[in-house]
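*Asks:* Below you'll find the structure I mean.
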Amino acid sequence: MAASADTPGELWRAAADLDPARPFATAYDEDTGGRVELSYATFDNWVAKTANMIVDGLGAEPGERVALALPVHWQSLVWLLACWSTGMTVVPVTGAEVPDDAGDIVVADASRIDAALDSGAREVVGASLHPLGAPLASCPPAALDYAVEVRGYGDRFTPMARVDPAAAALDGDARFSGSDLVARAREKAKGWELTSADRVAMITSAADSLSVLGADLSCFLAPVAAAVPLVLTPSTGAADLRSRLGMERVTAIIGARPGTPMPTGDIRLLH
């Protein structure tokens with residue numbers, strides 16, 4: 001773990017620099033079963049482009065609120081890290097509605113773009129959540145299509161100033177500073193005994209909001225703190241899930257729900 005990192009953005013930077021060619025996020029699409037694998041370098045490229053879009057395209061200033069009306073998906077994890085790299089306060093949105101004034105900027109999936117446009121946000125970004133980052137099938141004129149816009153931004157992000165570790169980084173069920181999130185992530189990674197040999201699966205659903213990652217999002221940030229690769233997969237039949245987890249060399253699972261078919265062997269459940 002990077003002892004010098006005091007913000008989630010710095011935590012990511014330290015993990016990505018360790019071995020950029022190593023896989024970081026492997027994601028399975030719930031509808032098609034398609035698989036996409038992003039290395040630390042490729043994922044960091046998306047983070048940098050998104051951070052540049054936040055600052056240069058959306059004109060955001062440190063401390064502004066970015067509401068994420070997104071499920072757990074590799075693109076929503078990109079948005080988390082990009083927001084923290086730019087000093088934004090993340091506001092996870094649960095449910096079908098986007099509350100009024102949830103954020104200065106709202107990033108929404110296709111089902112919630114209209115609600116986002118009615119929220120009072122000054123900027124609304126729509127995300128298709130296509131496994132390969134394709135554009136939305138239809139984007140309202142008042143919203144920006146993330147997949148279209150983000151590709152025009154730089155592959156590297158250099159902040160004008162260091163993000164303040166004491167500033168609010170997350171405002172959801174509770175409010176946390178960046179240093180709070182880092183401390184909790186390190187504590188969870190230690191409690192879970194995560195090492196570089198681990199590969200952690202997150203059992204996801206399109207209906208899940210980011211809140212399933214914990215009130216402090218430590219179910220995501222703990223693997224980042226330990227530089228552990230992630231596998232995002234929906235729950236499937238027992239045989240298919242066991243086969244998939246075995247093929248991906250998964251050593252631990254986050255987010256197992258009652259009724260989820262559990263693999264046999266040495267895979268441990270993380271709570």
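Residues in the structure tokens are named by chain (A, B, ... in the order shown) and by number from 1 within that chain; ligands are numbered from 1 in the order shown.
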Distance table requested - stretch 74-136 of chain A against stretch 21-30 of chain A, cut-off 12 Å, only C-alpha atoms: one row per qualifying residue with the closest atom pair and its distance in Å to one decimal, ordered by chain and rising residue number, as a Markdown table.

*Replies:*
```
| residue | atom | partner | partner_atom | distance |
| --- | --- | --- | --- | --- |
| A:Trp74 | CA | A:Ala27 | CA | 6.9 |
| A:Gln75 | CA | A:Ala27 | CA | 10.2 |
| A:Ser76 | CA | A:Ala25 | CA | 12.0 |
| A:Leu77 | CA | A:Ala25 | CA | 9.6 |
| A:Val78 | CA | A:Ala25 | CA | 10.3 |
| A:Leu129 | CA | A:Asp29 | CA | 9.3 |
| A:His130 | CA | A:Asp29 | CA | 8.2 |
| A:Pro131 | CA | A:Asp29 | CA | 6.2 |
| A:Leu132 | CA | A:Asp29 | CA | 9.7 |
| A:Gly133 | CA | A:Asp29 | CA | 11.7 |
```

*Asks:* If you run DSSP on the backbone, which residues of stretch 114-263 of chain A are strand (DSSP E), as number ranges by chain?

*Replies:* A: 123-127, 144-145, 168-171, 175-177, 200-204, 230-234, 252-254

*Asks:* Kindly indicate which residue among A:Ser235, A:Thr94, A:Ser179, A:Ser4 lies nearest to A:Pro71, using only C-alpha atoms for the distances.

*Replies:* A:Thr94

*Asks:* If we count only C-alpha atoms and set the cut-off at 6 Å, which residues sit around stretch 181-192 of chain A, ignoring sequence neighbours fewer than 5 positions away in its own chain? Please answer as a PyMOL selection string.

*Replies:* chain A and resi 8+218+221-222

*Asks:* Please produce a file of the residues just selected, as a PDB file, in the first residue's frame, where the atoms kept are C-alpha atoms.

*Replies:*
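Okay, this is what ended up in again_29.pdb:
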```pdb
ATOM      1  CA  PRO A   8      -8.350   8.440  -3.144  1.00  0.00           C
ATOM      2  CA  SER A 218     -14.357   0.945   0.836  1.00  0.00           C
ATOM      3  CA  LEU A 221     -11.173   1.484  -2.441  1.00  0.00           C
ATOM      4  CA  ALA A 222      -9.740  -1.382  -0.364  1.00  0.00           C
TER       5      ALA A 222
END
```

*Asks:* Could you tell me, as a PyMOL selection string, which residues of stretch 76-248 of chain A DSSP assigns to alpha helix (DSSP H) when given the backbone?

*Replies:* chain A and resi 76-85+113-117+146-150+178-191+218-225+238-247
